[in-house]
file model17.cif (mmCIF, C-alpha atoms)
data_query
#
loop_
_atom_site.label_atom_id
_atom_site.label_comp_id
_atom_site.auth_asym_id
_atom_site.auth_seq_id
_atom_site.Cartn_x
_atom_site.Cartn_y
_atom_site.Cartn_z
CA MET A 1 -4.32 -11.29 -33.35
CA PRO A 2 -2.44 -14.59 -32.79
CA ASP A 3 -4.45 -17.70 -31.93
CA TRP A 4 -3.21 -17.99 -28.34
CA VAL A 5 -4.63 -14.62 -27.24
CA GLU A 6 -8.36 -15.32 -27.24
CA PRO A 7 -8.49 -18.37 -24.89
CA ILE A 8 -6.10 -16.73 -22.44
CA ALA A 9 -7.98 -13.45 -22.36
CA ARG A 10 -11.19 -15.41 -21.84
CA TYR A 11 -9.64 -17.46 -19.02
CA ILE A 12 -8.39 -14.34 -17.22
CA LEU A 13 -11.76 -12.63 -17.55
CA THR A 14 -13.98 -15.61 -16.66
CA GLU A 15 -11.78 -17.36 -14.04
CA GLY A 16 -9.51 -14.58 -12.75
CA LEU A 17 -11.71 -11.48 -12.73
CA PRO A 18 -14.46 -13.07 -10.56
CA GLY A 19 -11.81 -13.98 -7.98
CA THR A 20 -10.56 -10.39 -7.89
CA LEU A 21 -14.12 -9.10 -7.60
CA GLN A 22 -15.00 -11.61 -4.85
CA VAL A 23 -11.99 -10.67 -2.72
CA SER A 24 -12.55 -6.94 -3.33
CA ALA A 25 -16.26 -7.07 -2.51
CA ILE A 26 -15.77 -8.91 0.80
CA ALA A 27 -12.87 -6.61 1.69
CA VAL A 28 -14.77 -3.40 0.90
CA VAL A 29 -17.93 -4.34 2.77
CA GLY A 30 -16.05 -5.78 5.77
CA SER A 31 -13.65 -2.82 6.00
CA ALA A 32 -16.49 -0.31 5.81
CA ILE A 33 -18.63 -1.92 8.52
CA ILE A 34 -15.84 -2.74 10.98
CA GLY A 35 -13.90 0.45 10.20
CA VAL A 36 -16.81 2.87 10.75
CA LEU A 37 -17.78 1.05 13.97
CA PHE A 38 -14.22 1.06 15.36
CA GLY A 39 -13.59 4.63 14.21
CA THR A 40 -16.71 5.87 15.98
CA LEU A 41 -15.81 3.92 19.12
CA LEU A 42 -12.35 5.55 19.02
CA THR A 43 -13.97 8.93 19.67
CA ILE A 44 -15.54 7.73 22.94
CA ASP A 45 -13.70 8.66 26.12
CA PHE A 46 -13.43 5.14 27.51
CA ARG A 47 -9.80 4.17 27.90
CA PRO A 48 -9.88 0.33 27.68
CA SER A 49 -11.89 0.19 24.44
CA ARG A 50 -9.90 3.03 22.94
CA ALA A 51 -6.57 1.41 23.79
CA LEU A 52 -7.65 -1.93 22.28
CA ILE A 53 -8.93 -0.40 19.04
CA ARG A 54 -5.86 1.84 18.79
CA LEU A 55 -3.65 -1.27 19.08
CA TYR A 56 -5.71 -3.03 16.38
CA VAL A 57 -5.40 -0.02 14.07
CA GLU A 58 -1.66 0.45 14.61
CA VAL A 59 -0.88 -3.26 14.17
CA PHE A 60 -2.79 -3.80 10.93
CA ARG A 61 -1.72 -0.49 9.42
CA GLY A 62 1.86 -1.22 10.40
CA LEU A 63 2.21 -4.78 9.09
CA PRO A 64 2.94 -5.34 5.41
CA ILE A 65 -0.35 -6.71 4.04
CA LEU A 66 1.50 -9.77 2.77
CA VAL A 67 2.46 -10.65 6.35
CA THR A 68 -1.19 -10.29 7.41
CA VAL A 69 -2.15 -12.59 4.52
CA PHE A 70 0.32 -15.19 5.82
CA VAL A 71 -0.93 -14.77 9.40
CA VAL A 72 -4.48 -15.54 8.24
CA TYR A 73 -3.64 -18.27 5.74
CA LEU A 74 -0.72 -20.03 7.47
CA GLY A 75 -0.96 -18.90 11.08
CA LEU A 76 -4.63 -19.28 12.02
CA PRO A 77 -5.00 -22.94 10.92
CA THR A 78 -2.16 -23.96 13.27
CA VAL A 79 -4.19 -22.53 16.15
CA SER A 80 -7.48 -24.22 15.23
CA ARG A 81 -8.71 -26.36 12.32
CA SER A 82 -11.89 -24.31 12.19
CA LEU A 83 -9.83 -21.27 11.17
CA GLU A 84 -8.79 -22.77 7.84
CA PHE A 85 -9.79 -20.60 4.89
CA SER A 86 -9.57 -20.90 1.12
CA PRO A 87 -6.85 -18.70 -0.43
CA LEU A 88 -9.38 -16.16 -1.72
CA ASN A 89 -11.19 -15.93 1.62
CA ALA A 90 -7.92 -15.70 3.55
CA ALA A 91 -6.81 -12.82 1.32
CA ALA A 92 -10.19 -11.14 1.76
CA ILE A 93 -9.97 -11.46 5.57
CA ALA A 94 -6.45 -10.02 5.58
CA LEU A 95 -7.65 -7.09 3.46
CA VAL A 96 -10.57 -6.55 5.88
CA LEU A 97 -8.11 -6.38 8.80
CA TRP A 98 -5.95 -3.87 6.93
CA GLY A 99 -8.80 -1.91 5.33
CA SER A 100 -10.86 -1.62 8.51
CA ALA A 101 -7.83 -0.16 10.28
CA GLN A 102 -7.53 2.46 7.53
CA VAL A 103 -11.26 3.22 7.65
CA ALA A 104 -11.27 3.42 11.47
CA GLU A 105 -8.49 6.02 11.45
CA ALA A 106 -10.21 8.05 8.73
CA THR A 107 -13.60 7.80 10.47
CA ARG A 108 -12.13 9.00 13.76
CA GLY A 109 -10.74 12.06 11.98
CA ALA A 110 -14.02 12.73 10.18
CA VAL A 111 -16.18 12.31 13.30
CA GLN A 112 -13.91 14.60 15.31
CA SER A 113 -14.02 17.20 12.53
CA ILE A 114 -17.76 17.65 13.14
CA PRO A 115 -18.11 20.72 15.39
CA ASN A 116 -19.14 20.16 18.99
CA GLU A 117 -22.24 22.36 18.51
CA GLN A 118 -23.73 19.60 16.36
CA HIS A 119 -23.45 17.18 19.27
CA GLU A 120 -24.96 19.73 21.65
CA ALA A 121 -27.81 20.65 19.31
CA ALA A 122 -28.65 16.99 18.77
CA SER A 123 -28.62 16.33 22.53
CA ALA A 124 -30.84 19.37 23.08
CA LEU A 125 -33.31 17.84 20.62
CA GLY A 126 -33.44 14.75 22.84
CA PHE A 127 -31.19 12.36 20.89
CA GLY A 128 -29.24 9.79 22.90
CA TRP A 129 -25.65 8.78 21.99
CA VAL A 130 -26.73 6.21 19.41
CA GLY A 131 -29.43 8.38 17.84
CA ARG A 132 -27.13 11.40 17.82
CA HIS A 133 -24.43 9.52 15.94
CA ARG A 134 -26.79 7.65 13.64
CA SER A 135 -28.93 10.63 12.62
CA VAL A 136 -26.67 13.67 12.97
CA ILE A 137 -22.93 13.05 13.28
CA LEU A 138 -22.24 10.03 11.03
CA PRO A 139 -24.27 11.28 8.02
CA GLN A 140 -22.07 14.39 7.99
CA ALA A 141 -18.85 12.56 8.79
CA LEU A 142 -19.42 9.90 6.13
CA ARG A 143 -19.67 12.56 3.42
CA ARG A 144 -16.22 13.77 4.37
CA LEU A 145 -15.08 10.15 4.14
CA LEU A 146 -16.19 9.74 0.54
CA PRO A 147 -12.97 10.76 -1.27
CA PRO A 148 -10.64 8.63 0.92
CA ALA A 149 -13.16 5.77 0.65
CA VAL A 150 -12.84 5.77 -3.16
CA GLY A 151 -9.06 5.80 -2.75
CA LEU A 152 -9.33 2.81 -0.42
CA LEU A 153 -11.46 0.96 -2.98
CA VAL A 154 -8.66 1.37 -5.54
CA ASN A 155 -6.12 0.09 -3.01
CA ILE A 156 -8.27 -2.91 -2.13
CA VAL A 157 -8.76 -3.91 -5.78
CA GLN A 158 -5.01 -3.62 -6.37
CA ASN A 159 -4.08 -5.45 -3.18
CA SER A 160 -6.46 -8.31 -3.99
CA THR A 161 -3.56 -9.51 -6.18
CA LEU A 162 -1.94 -10.63 -2.91
CA ALA A 163 -4.24 -13.67 -3.08
CA GLN A 164 -1.87 -14.82 -5.83
CA THR A 165 0.91 -15.38 -3.30
CA ILE A 166 -1.13 -18.12 -1.59
CA GLY A 167 -2.53 -19.60 -4.81
CA GLY A 168 -5.91 -17.89 -4.96
CA ILE A 169 -7.15 -17.68 -8.55
CA GLU A 170 -7.62 -14.00 -9.31
CA ILE A 171 -6.50 -11.96 -12.31
CA LEU A 172 -2.75 -12.15 -11.63
CA GLN A 173 -2.69 -15.86 -10.77
CA ALA A 174 -4.85 -16.66 -13.81
CA ALA A 175 -2.41 -14.71 -16.01
CA LYS A 176 0.64 -16.36 -14.44
CA SER A 177 -0.67 -19.91 -14.81
CA GLN A 178 -1.66 -19.26 -18.44
CA SER A 179 1.66 -17.68 -19.34
CA GLU A 180 3.41 -20.71 -17.86
CA ARG A 181 1.07 -23.10 -19.70
CA LEU A 182 1.93 -21.49 -23.06
CA THR A 183 5.59 -22.36 -22.60
CA PHE A 184 4.78 -26.10 -22.55
CA PHE A 185 4.93 -28.08 -25.77
CA PRO A 186 1.67 -28.97 -27.52
CA PRO A 187 -0.94 -30.10 -26.75
CA ALA A 188 -0.79 -28.32 -23.35
CA GLY A 189 0.86 -25.16 -24.66
CA ILE A 190 2.50 -23.86 -27.80
CA GLY A 191 6.09 -23.84 -26.59
CA GLU A 192 6.36 -20.05 -26.72
CA ILE A 193 6.95 -17.36 -24.10
CA HIS A 194 4.39 -14.58 -24.07
CA ALA A 195 4.79 -13.35 -20.49
CA PHE A 196 5.42 -9.78 -21.64
CA GLU A 197 2.18 -9.48 -23.62
CA ILE A 198 0.12 -11.25 -20.95
CA PHE A 199 1.35 -9.20 -17.98
CA THR A 200 1.08 -5.99 -20.02
CA GLY A 201 -2.54 -6.99 -20.58
CA VAL A 202 -2.99 -7.48 -16.83
CA MET A 203 -1.55 -4.00 -16.19
CA ILE A 204 -3.97 -2.51 -18.73
CA LEU A 205 -6.89 -4.37 -17.13
CA PHE A 206 -6.08 -3.01 -13.67
CA PHE A 207 -5.48 0.45 -15.11
CA LEU A 208 -8.94 0.41 -16.72
CA ILE A 209 -10.48 -0.45 -13.33
CA SER A 210 -8.39 1.96 -11.22
CA PHE A 211 -7.98 5.06 -13.36
CA PRO A 212 -11.67 6.13 -13.45
CA LEU A 213 -11.82 5.60 -9.68
CA THR A 214 -8.71 7.68 -8.90
CA ARG A 215 -10.13 10.44 -11.14
CA LEU A 216 -13.42 10.21 -9.24
CA ALA A 217 -11.58 10.48 -5.90
CA ALA A 218 -9.75 13.59 -7.14
CA ILE A 219 -13.00 15.20 -8.32
CA LEU A 220 -14.77 14.41 -5.04
CA GLU A 221 -11.87 15.89 -3.13
CA LYS A 222 -12.00 19.14 -5.12
CA ARG A 223 -15.76 19.41 -4.65
CA LEU A 224 -15.48 19.10 -0.90
CA VAL A 225 -12.92 21.90 -0.67
CA VAL A 226 -14.93 25.05 0.00
CA MET B 1 -6.78 -31.99 18.63
CA LEU B 2 -3.93 -30.05 17.16
CA LEU B 3 -0.74 -30.02 19.12
CA VAL B 4 0.64 -26.50 19.21
CA THR B 5 4.05 -25.86 20.58
CA TYR B 6 5.22 -22.30 20.65
CA ASP B 7 8.78 -21.43 21.51
CA LEU B 8 9.81 -18.13 20.02
CA TRP B 9 13.13 -18.05 21.83
CA ALA B 10 14.22 -21.48 20.52
CA PHE B 11 13.20 -20.44 17.00
CA VAL B 12 15.16 -17.21 17.11
CA SER B 13 18.25 -18.72 18.70
CA GLU B 14 18.30 -21.48 16.08
CA HIS B 15 17.67 -19.32 13.01
CA TRP B 16 18.94 -15.87 13.95
CA ARG B 17 21.73 -15.93 11.36
CA GLU B 18 19.40 -16.49 8.40
CA LEU B 19 16.83 -14.07 9.79
CA LEU B 20 19.48 -11.40 10.28
CA ASP B 21 20.70 -11.91 6.69
CA GLY B 22 17.11 -11.51 5.57
CA LEU B 23 16.67 -8.33 7.56
CA VAL B 24 19.93 -6.95 6.15
CA ASN B 25 18.67 -7.66 2.61
CA THR B 26 15.36 -5.94 3.41
CA LEU B 27 17.23 -2.91 4.73
CA LYS B 28 19.68 -2.85 1.82
CA ALA B 29 16.95 -2.92 -0.81
CA SER B 30 14.92 -0.36 1.18
CA ALA B 31 17.86 2.01 1.61
CA ILE B 32 18.68 2.06 -2.11
CA ALA B 33 15.00 2.43 -3.00
CA ILE B 34 14.43 5.25 -0.51
CA ALA B 35 17.50 7.18 -1.69
CA GLY B 36 16.44 6.68 -5.31
CA SER B 37 12.82 7.64 -4.76
CA LEU B 38 13.95 10.74 -2.88
CA VAL B 39 15.93 11.91 -5.94
CA ILE B 40 13.22 10.86 -8.42
CA GLY B 41 10.56 12.54 -6.30
CA ALA B 42 12.42 15.82 -5.86
CA VAL B 43 13.44 16.14 -9.53
CA LEU B 44 10.13 15.06 -11.10
CA GLY B 45 8.10 16.84 -8.42
CA ALA B 46 9.96 20.06 -9.28
CA ALA B 47 9.32 19.49 -12.99
CA ARG B 48 5.61 19.03 -12.29
CA ALA B 49 5.33 22.01 -9.94
CA HIS B 50 7.09 24.30 -12.43
CA ARG B 51 5.18 22.84 -15.38
CA ILE B 52 8.33 22.15 -17.38
CA PRO B 53 7.07 21.06 -20.80
CA VAL B 54 7.42 17.40 -21.88
CA VAL B 55 9.06 16.29 -18.59
CA SER B 56 5.96 17.36 -16.71
CA GLN B 57 3.58 15.43 -19.00
CA LEU B 58 5.80 12.34 -19.04
CA THR B 59 5.92 12.43 -15.24
CA ALA B 60 2.13 12.57 -15.10
CA VAL B 61 1.93 9.45 -17.31
CA TYR B 62 4.54 7.66 -15.15
CA VAL B 63 2.68 8.54 -11.95
CA GLU B 64 -0.71 7.43 -13.30
CA ILE B 65 0.65 4.10 -14.57
CA ILE B 66 2.33 3.28 -11.24
CA ARG B 67 -0.58 4.49 -9.10
CA ASN B 68 -3.23 2.64 -11.06
CA THR B 69 -1.61 -0.78 -11.34
CA PRO B 70 -0.85 -3.16 -8.45
CA ILE B 71 2.80 -3.14 -7.39
CA LEU B 72 2.71 -6.94 -7.40
CA VAL B 73 1.93 -6.86 -11.14
CA GLN B 74 4.79 -4.39 -11.63
CA ILE B 75 7.14 -6.82 -9.88
CA PHE B 76 5.89 -9.62 -12.15
CA MET B 77 6.61 -7.39 -15.17
CA TYR B 78 10.23 -6.78 -14.12
CA PHE B 79 10.95 -10.36 -13.11
CA PHE B 80 8.85 -12.60 -15.35
CA ALA B 81 8.06 -10.45 -18.42
CA LEU B 82 11.18 -8.37 -19.14
CA PRO B 83 13.42 -11.42 -19.79
CA GLN B 84 11.24 -12.12 -22.87
CA VAL B 85 12.46 -8.83 -24.40
CA GLY B 86 16.06 -9.55 -23.38
CA ILE B 87 16.24 -7.68 -20.07
CA ARG B 88 17.28 -10.06 -17.29
CA LEU B 89 17.31 -8.64 -13.77
CA ASP B 90 18.37 -10.63 -10.72
CA GLY B 91 16.28 -10.79 -7.54
CA PHE B 92 18.17 -8.08 -5.70
CA THR B 93 17.92 -5.65 -8.64
CA VAL B 94 14.18 -6.23 -8.97
CA ALA B 95 13.84 -5.82 -5.19
CA TRP B 96 15.22 -2.30 -5.02
CA LEU B 97 14.27 -1.22 -8.55
CA SER B 98 10.58 -2.12 -8.30
CA VAL B 99 10.00 -0.35 -4.99
CA MET B 100 12.17 2.58 -6.08
CA ILE B 101 10.11 3.16 -9.23
CA TRP B 102 6.92 2.74 -7.19
CA GLY B 103 8.09 5.04 -4.39
CA GLY B 104 9.45 7.60 -6.87
CA ALA B 105 6.02 7.99 -8.45
CA PHE B 106 4.28 8.57 -5.13
CA ASN B 107 7.11 10.79 -3.93
CA SER B 108 6.97 13.03 -7.00
CA GLU B 109 3.34 13.74 -6.05
CA ASN B 110 4.41 14.45 -2.45
CA PHE B 111 7.11 16.88 -3.58
CA ARG B 112 4.88 18.50 -6.21
CA ALA B 113 2.32 19.28 -3.50
CA GLY B 114 5.08 20.60 -1.23
CA PHE B 115 6.64 22.81 -3.91
CA GLU B 116 3.25 24.13 -4.98
CA ALA B 117 2.49 25.05 -1.37
CA VAL B 118 5.43 27.49 -1.31
CA PRO B 119 3.80 30.94 -1.58
CA PHE B 120 4.45 32.72 -4.86
CA ARG B 121 5.60 35.87 -3.04
CA TYR B 122 8.60 33.96 -1.63
CA ARG B 123 9.77 33.22 -5.15
CA GLU B 124 9.10 36.79 -6.20
CA ALA B 125 11.16 38.03 -3.28
CA SER B 126 13.93 35.65 -4.23
CA SER B 127 14.13 36.86 -7.83
CA ALA B 128 14.02 40.45 -6.55
CA LEU B 129 17.15 39.55 -4.56
CA GLY B 130 18.80 38.55 -7.83
CA PHE B 131 18.52 34.75 -7.69
CA SER B 132 18.23 32.99 -11.03
CA PRO B 133 15.17 30.70 -11.44
CA PHE B 134 17.38 27.68 -10.59
CA GLY B 135 18.91 29.53 -7.64
CA THR B 136 15.42 30.37 -6.44
CA PHE B 137 14.47 26.70 -6.59
CA LEU B 138 17.62 25.58 -4.78
CA ASN B 139 17.55 28.24 -2.07
CA VAL B 140 13.85 28.90 -1.54
CA THR B 141 11.44 26.37 -3.04
CA LEU B 142 13.44 23.23 -2.20
CA PRO B 143 14.14 23.93 1.49
CA ILE B 144 10.64 25.22 2.24
CA GLY B 145 8.63 22.90 -0.03
CA GLY B 146 10.80 19.94 0.94
CA ARG B 147 9.94 20.47 4.57
CA ILE B 148 6.23 20.77 3.78
CA SER B 149 6.32 17.43 1.95
CA LEU B 150 8.47 15.66 4.53
CA PRO B 151 5.71 13.86 6.51
CA SER B 152 4.00 12.53 3.40
CA SER B 153 7.28 11.46 1.82
CA ILE B 154 8.33 9.61 4.99
CA ASN B 155 5.00 7.79 4.79
CA THR B 156 5.97 6.76 1.26
CA TYR B 157 9.34 5.47 2.54
CA ILE B 158 7.53 3.41 5.19
CA SER B 159 5.42 1.88 2.42
CA VAL B 160 8.60 1.23 0.43
CA ILE B 161 10.01 -0.82 3.32
CA LYS B 162 6.76 -2.73 3.73
CA ASN B 163 6.57 -3.42 0.00
CA THR B 164 9.97 -5.11 -0.05
CA SER B 165 8.11 -8.02 1.61
CA LEU B 166 6.49 -8.61 -1.80
CA MET B 167 9.85 -9.92 -3.08
CA TYR B 168 8.57 -13.20 -1.67
CA VAL B 169 6.95 -13.77 -5.10
CA ILE B 170 10.32 -13.70 -6.86
CA GLY B 171 12.05 -15.69 -4.12
CA TYR B 172 14.50 -12.94 -3.18
CA GLU B 173 15.70 -13.75 0.32
CA GLU B 174 14.65 -10.70 2.25
CA LEU B 175 13.08 -10.98 5.70
CA THR B 176 9.62 -12.28 4.70
CA THR B 177 10.91 -14.85 2.20
CA THR B 178 13.54 -16.04 4.70
CA ALA B 179 11.08 -16.45 7.58
CA ILE B 180 8.43 -18.19 5.47
CA ASN B 181 11.01 -20.52 3.92
CA ILE B 182 12.29 -21.51 7.38
CA SER B 183 8.75 -22.14 8.62
CA ASN B 184 7.97 -24.29 5.58
CA LEU B 185 10.82 -26.59 6.56
CA SER B 186 10.57 -26.52 10.35
CA LEU B 187 6.77 -26.03 10.61
CA GLU B 188 7.37 -23.36 13.25
CA THR B 189 4.79 -21.20 11.50
CA LEU B 190 3.64 -19.12 14.44
CA GLU B 191 7.20 -18.38 15.53
CA ALA B 192 8.18 -17.26 12.03
CA LEU B 193 5.09 -15.04 11.74
CA SER B 194 5.81 -13.57 15.19
CA VAL B 195 9.33 -12.62 14.13
CA LEU B 196 7.96 -10.96 10.98
CA ALA B 197 5.31 -9.05 12.92
CA ILE B 198 7.74 -7.88 15.62
CA VAL B 199 10.45 -6.74 13.21
CA TYR B 200 8.14 -4.97 10.76
CA LEU B 201 6.15 -3.26 13.50
CA ALA B 202 9.38 -2.14 15.20
CA LEU B 203 10.62 -0.66 11.91
CA VAL B 204 7.32 0.99 10.97
CA TRP B 205 6.42 2.26 14.41
CA SER B 206 9.84 3.79 15.04
CA LEU B 207 9.72 5.55 11.65
CA SER B 208 6.20 6.87 12.38
CA ALA B 209 7.46 8.16 15.71
CA GLY B 210 10.34 9.73 13.77
CA ILE B 211 7.85 11.58 11.57
CA ARG B 212 6.28 13.18 14.60
CA VAL B 213 9.64 14.32 15.97
CA LEU B 214 10.72 15.64 12.56
CA GLU B 215 7.42 17.41 12.06
CA ASN B 216 8.06 19.37 15.23
CA ARG B 217 11.75 20.03 14.59
CA LEU B 218 11.40 20.99 10.94
CA ALA B 219 8.07 22.78 11.10
CA LEU B 220 8.18 26.15 9.40
CA PRO B 221 8.46 28.95 11.97
CA GLU B 222 4.94 30.29 11.41
CA THR B 223 3.28 26.91 11.92
CA ARG B 224 5.25 25.92 15.00
#
call {"tool": "encode", "arguments": {"input": "model17.cif", "output": "structure tokens"}}
result
Amino acid sequence: MPDWVEPIARYILTEGLPGTLQVSAIAVVGSAIIGVLFGTLLTIDFRPSRALIRLYVEVFRGLPILVTVFVVYLGLPTVSRSLEFSPLNAAAIALVLWGSAQVAEATRGAVQSIPNEQHEAASALGFGWVGRHRSVILPQALRRLLPPAVGLLVNIVQNSTLAQTIGGIEILQAAKSQSERLTFFPPAGIGEIHAFEIFTGVMILFFLISFPLTRLAAILEKRLVV
Amino acid sequence: MLLVTYDLWAFVSEHWRELLDGLVNTLKASAIAIAGSLVIGAVLGAARAHRIPVVSQLTAVYVEIIRNTPILVQIFMYFFALPQVGIRLDGFTVAWLSVMIWGGAFNSENFRAGFEAVPFRYREASSALGFSPFGTFLNVTLPIGGRISLPSSINTYISVIKNTSLMYVIGYEELTTTAINISNLSLETLEALSVLAIVYLALVWSLSAGIRVLENRLALPETR
């Protein structure tokens, strides 16, 4: 292997990969918590809350995620200084807004797919609304959510590359800056273009992360079909 | 304290020409990509559903590569990596080509599912009527399976339109790039973001509404 490969691969894996993982982790946890909460609230027959959450879901599912990234990174700081975020955090917040909208919609479907008898039986056993959902409805609904949740995880990891557009150092940005550095003359670079090899490597890296997960989602989906 | 002035109307009336050009570029790239991914999806989806050797396996590889890598990395490949091997594509070509290849992969899965949902007895009946295998596909599988896959393929087209915003990274002047570039100069950030949000939501929401109408109009008789 040529000399330039090793330091670049190391840079992408030690500087870029943690950025991707940081954004993905925040996005997954945030989307899951907010999404399940909003999705459950969507099933309640209370118009004002339902209308507000529906608007939230439709807006953040409808906007291109890149636009949401710009709203968080460029838009919020003009409203208040306290809403200034680092590129990685801004991307993570944008992915939470988008991901929670996806999860909310999926949760609503899953909760409503639980037969009404389950609600009635739980009420007959003396559960209130919270206890009924926490102990009876959501445990069943969340199992139906498992395959789409794995699919969402893949999407979040892939969309974490959007942090690159605002300068967040994740895998893609690390690869881009290194491929540009190589084109400089020594000592900074080696005066050669290796963009093709480097971005092919990035594609392989993402494929290695995503492919097992998309297989898993497909297997889970088959297992749930009775 | 930050001084925030917000005047959407002044922003639009000053920059509507550039913004309109940007929107036209977004729509142009989207239209080509949607038409292309429709053809790619129908042809490769048919190959997959009918398990045509070689083509079917190659399609599976194509779909897995596109599905399991970020589209942003794919755009980087076309624009920043291909010139190294002597293939130079301009911004507009990358704009429609990248989302077409992406949409085609997802669409071939949509069409495969639609074609596979056509009951086998329909095709049997068709060959009993004397249709050749290709005639059966054209007259039975395509119209019925195509309708089954319509909602999911329209969802793919909506994503295609949204993904053209990613051409920001290659500087192609579609709507997002245009609006952000204006706001970088004029500092009317909130106005520019408002225009983006309004236009994209109008496009996406009207297409989603279109799906619902089409679903009712084109539903197969037994499911209506």
call {"tool": "resolve_selection", "arguments": {"input": "model17.cif", "expression": "the PyMOL selection byres ((chain B and resi 115) around 12)", "output": "mmCIF file with C-alpha atoms, in the coordinates of the input"}}
result
data_model
loop_
_atom_site.group_PDB
_atom_site.id
_atom_site.type_symbol
_atom_site.label_atom_id
_atom_site.label_comp_id
_atom_site.auth_asym_id
_atom_site.auth_seq_id
_atom_site.Cartn_x
_atom_site.Cartn_y
_atom_site.Cartn_z
ATOM 1 C CA GLY B 41 10.560 12.540 -6.300
ATOM 2 C CA ALA B 42 12.420 15.820 -5.860
ATOM 3 C CA VAL B 43 13.440 16.140 -9.530
ATOM 4 C CA LEU B 44 10.130 15.060 -11.100
ATOM 5 C CA GLY B 45 8.100 16.840 -8.420
ATOM 6 C CA ALA B 46 9.960 20.060 -9.280
ATOM 7 C CA ALA B 47 9.320 19.490 -12.990
ATOM 8 C CA ARG B 48 5.610 19.030 -12.290
ATOM 9 C CA ALA B 49 5.330 22.010 -9.940
ATOM 10 C CA HIS B 50 7.090 24.300 -12.430
ATOM 11 C CA ARG B 51 5.180 22.840 -15.380
ATOM 12 C CA SER B 108 6.970 13.030 -7.000
ATOM 13 C CA GLU B 109 3.340 13.740 -6.050
ATOM 14 C CA ASN B 110 4.410 14.450 -2.450
ATOM 15 C CA PHE B 111 7.110 16.880 -3.580
ATOM 16 C CA ARG B 112 4.880 18.500 -6.210
ATOM 17 C CA ALA B 113 2.320 19.280 -3.500
ATOM 18 C CA GLY B 114 5.080 20.600 -1.230
ATOM 19 C CA GLU B 116 3.250 24.130 -4.980
ATOM 20 C CA ALA B 117 2.490 25.050 -1.370
ATOM 21 C CA VAL B 118 5.430 27.490 -1.310
ATOM 22 C CA PRO B 119 3.800 30.940 -1.580
ATOM 23 C CA PHE B 120 4.450 32.720 -4.860
ATOM 24 C CA TYR B 122 8.600 33.960 -1.630
ATOM 25 C CA ARG B 123 9.770 33.220 -5.150
ATOM 26 C CA THR B 136 15.420 30.370 -6.440
ATOM 27 C CA PHE B 137 14.470 26.700 -6.590
ATOM 28 C CA LEU B 138 17.620 25.580 -4.780
ATOM 29 C CA VAL B 140 13.850 28.900 -1.540
ATOM 30 C CA THR B 141 11.440 26.370 -3.040
ATOM 31 C CA LEU B 142 13.440 23.230 -2.200
ATOM 32 C CA PRO B 143 14.140 23.930 1.490
ATOM 33 C CA ILE B 144 10.640 25.220 2.240
ATOM 34 C CA GLY B 145 8.630 22.900 -0.030
ATOM 35 C CA GLY B 146 10.800 19.940 0.940
ATOM 36 C CA ARG B 147 9.940 20.470 4.570
ATOM 37 C CA ILE B 148 6.230 20.770 3.780
ATOM 38 C CA SER B 149 6.320 17.430 1.950
ATOM 39 C CA LEU B 150 8.470 15.660 4.530
#
call {"tool": "resolve_selection", "arguments": {"input": "model17.cif", "expression": "the PyMOL selection byres ((chain A) within 9 of (chain B))", "output": "PyMOL selection string"}}
result
chain A and resi 58-59+62-68+70-71+74-76+78-81+154-155+157-162+164-165+172+176+193-200+202-211+214
call {"tool": "resolve_selection", "arguments": {"input": "model17.cif", "expression": "the PyMOL selection byres ((chain A and resi 39-56) around 6)", "output": "ChimeraX atom specification"}}
result
/A:35-38,57-59,104-105,107-108
call {"tool": "write_last_selection", "arguments": {"input": "model17.cif", "atoms": "C-alpha atoms", "output": "mmCIF file, keeping the file's coordinate frame"}}
result
data_model
loop_
_atom_site.group_PDB
_atom_site.id
_atom_site.type_symbol
_atom_site.label_atom_id
_atom_site.label_comp_id
_atom_site.auth_asym_id
_atom_site.auth_seq_id
_atom_site.Cartn_x
_atom_site.Cartn_y
_atom_site.Cartn_z
ATOM 1 C CA GLY A 35 -13.900 0.450 10.200
ATOM 2 C CA VAL A 36 -16.810 2.870 10.750
ATOM 3 C CA LEU A 37 -17.780 1.050 13.970
ATOM 4 C CA PHE A 38 -14.220 1.060 15.360
ATOM 5 C CA VAL A 57 -5.400 -0.020 14.070
ATOM 6 C CA GLU A 58 -1.660 0.450 14.610
ATOM 7 C CA VAL A 59 -0.880 -3.260 14.170
ATOM 8 C CA ALA A 104 -11.270 3.420 11.470
ATOM 9 C CA GLU A 105 -8.490 6.020 11.450
ATOM 10 C CA THR A 107 -13.600 7.800 10.470
ATOM 11 C CA ARG A 108 -12.130 9.000 13.760
#
call {"tool": "residues_around", "arguments": {"input": "model17.cif", "residues": "A:Arg144", "least_positions_apart": "2", "cutoff": "12 Å", "atoms": "only C-alpha atoms", "output": "PyMOL selection string"}}
result
chain A and resi 106-114+137-142+146-150+217+220-225
call {"tool": "atom_distance", "arguments": {"input": "model17.cif", "atom1": "atom CA of B:Thr177", "atom2": "atom CA of B:Ile32"}}
result
19.1 Å
call {"tool": "closest_residue", "arguments": {"input": "model17.cif", "among": "B:Val55, B:Ile211, B:Phe131, B:Ser126", "to": "B:Ser152", "atoms": "only C-alpha atoms"}}
result
B:Ile211
call {"tool": "axis_aligned_box", "arguments": {"input": "model17.cif", "around": "stretch 141-146 of chain B", "padding_each_side": "8 Å", "output": "AutoDock Vina command-line options"}}
result
--center_x 11.4 --center_y 23.2 --center_z -0.4 --size_x 21.5 --size_y 22.4 --size_z 21.3
call {"tool": "atom_distance", "arguments": {"input": "model17.cif", "atom1": "atom CA of B:Ser153", "atom2": "atom CA of B:Arg212"}}
result
12.9 Å
